[in-house]
Amino acid sequence: MPPGVTSEVLVLCTGNAARSVMAGSMLAYLADVSGVPLRVATAGTHAIDGLPISSRTRAGLAAIDELAEAPVSRHRSRQVLAPDLRAATLVVAMEAAHVRYVRRYHPEAADRTATLRRLCRELPEGTDPLPDRVAGLGLARLDVSDDEDVADPAGLEEDAYVACALELWGLCKELAVRL
């Protein structure tokens, strides 16, 4: 990415209560420590606006030493809106259903939306601007599969949130080197 150009990354899950919160915190942290100019926002496809982060999501983040003190206390869940998607250089979805949601309700953002797993596999590394590398993927035309999903820990015990956080940490570290 050219120096001084900040990319906008939107991390999307269902309720904006667990996966997107954790992955968003992780990507923001990784960008900060590596000096990558990145602004990270999170939202949900079916979120109830205004809910605070849960103790289980906080425990998931705390399981990652680097993120134990992540500043998430002000987080409030929010529904994704068209302006969020318009502003995003890249939309990182936690599952194929989120990609399908964007394609159905916000097709103008389909070419910038993919699952975290797909981006870890296919987003080219390099110094070319992120929008160019994303555009080169042809995301709007690609089939999505449920095997790209990061499992939702919602409704499960704390250990499921910790397992999800550990999985996301590995994936976010992979994606961060590509951003």
# chains A, B, ... in the order shown; residues from 1 in each chain; ligands from 1

call {"tool": "select_by_dssp", "arguments": {"residues": "chain A", "states": "strand (DSSP E)", "output": "ChimeraX atom specification"}}
result
/A:7-13,38-44,90-93,113-115

call {"tool": "residues_around", "arguments": {"residues": "region 75-85 of chain A", "least_positions_apart": "6", "cutoff": "6 Å", "atoms": "only C-alpha atoms", "output": "PyMOL selection string"}}
result
chain A and resi 16+43-45+47+49-52

call {"tool": "residues_around", "arguments": {"residues": "region 117-123 of chain A", "least_positions_apart": "5", "cutoff": "9 Å", "atoms": "only C-alpha atoms", "output": "ChimeraX atom specification"}}
result
/A:92-95,133-134,136-137,144,148-150,171-172,174-176,178-179

call {"tool": "residues_around", "arguments": {"residues": "region 29-31 of chain A", "least_positions_apart": "2", "cutoff": "10 Å", "atoms": "only C-alpha atoms", "output": "PyMOL selection string"}}
result
chain A and resi 23-27+33-40+66-67+70+169+172-173+175-177+179

call {"tool": "residues_around", "arguments": {"residues": "Ala140 (chain A)", "least_positions_apart": "2", "cutoff": "9 Å", "atoms": "only C-alpha atoms", "output": "PyMOL selection string"}}
result
chain A and resi 103+107+109-114+137-138+142-143

call {"tool": "write_last_selection", "arguments": {"atoms": "C-alpha atoms", "output": "short mmCIF file (atom, residue, chain, number, x, y, z; two decimals), in the first residue's frame"}}
result
data_model
loop_
_atom_site.label_atom_id
_atom_site.label_comp_id
_atom_site.auth_asym_id
_atom_site.auth_seq_id
_atom_site.Cartn_x
_atom_site.Cartn_y
_atom_site.Cartn_z
CA ARG A 103 -24.40 -10.04 -2.36
CA PRO A 107 -24.46 -6.05 -4.37
CA ALA A 109 -19.99 -4.25 -2.20
CA ALA A 110 -19.86 -7.86 -3.44
CA ASP A 111 -16.58 -7.32 -5.28
CA ARG A 112 -14.91 -6.33 -1.98
CA THR A 113 -16.42 -9.02 0.26
CA ALA A 114 -14.96 -12.43 1.10
CA LEU A 137 -9.71 -11.58 -7.01
CA GLY A 138 -13.05 -11.20 -8.82
CA LEU A 142 -16.72 -16.64 -6.96
CA ASP A 143 -18.77 -19.37 -5.36
#

call {"tool": "select_by_dssp", "arguments": {"residues": "region 29-178 of chain A", "states": "alpha helix (DSSP H)", "output": "ChimeraX atom specification"}}
result
/A:29-34,55-62,82-87,96-105,116-122,130-135,158-176

call {"tool": "atom_distance", "arguments": {"atom1": "CA of Ala165 (chain A)", "atom2": "CA of Arg19 (chain A)"}}
result
7.7 Å

call {"tool": "atom_distance", "arguments": {"atom1": "CA of Ile64 (chain A)", "atom2": "CA of Gly126 (chain A)"}}
result
27.5 Å

call {"tool": "closest_residue", "arguments": {"among": "A:Ile48, A:Ala41, A:Val72, A:Cys164", "to": "Val91 (chain A)", "atoms": "only C-alpha atoms"}}
result
A:Ala41

call {"tool": "atom_distance", "arguments": {"atom1": "CA of Leu61 (chain A)", "atom2": "CA of Met22 (chain A)"}}
result
6.3 Å

call {"tool": "closest_residue", "arguments": {"among": "A:Ile53, A:Leu130, A:Val21, A:Val162", "to": "Glu8 (chain A)", "atoms": "only C-alpha atoms"}}
result
A:Leu130
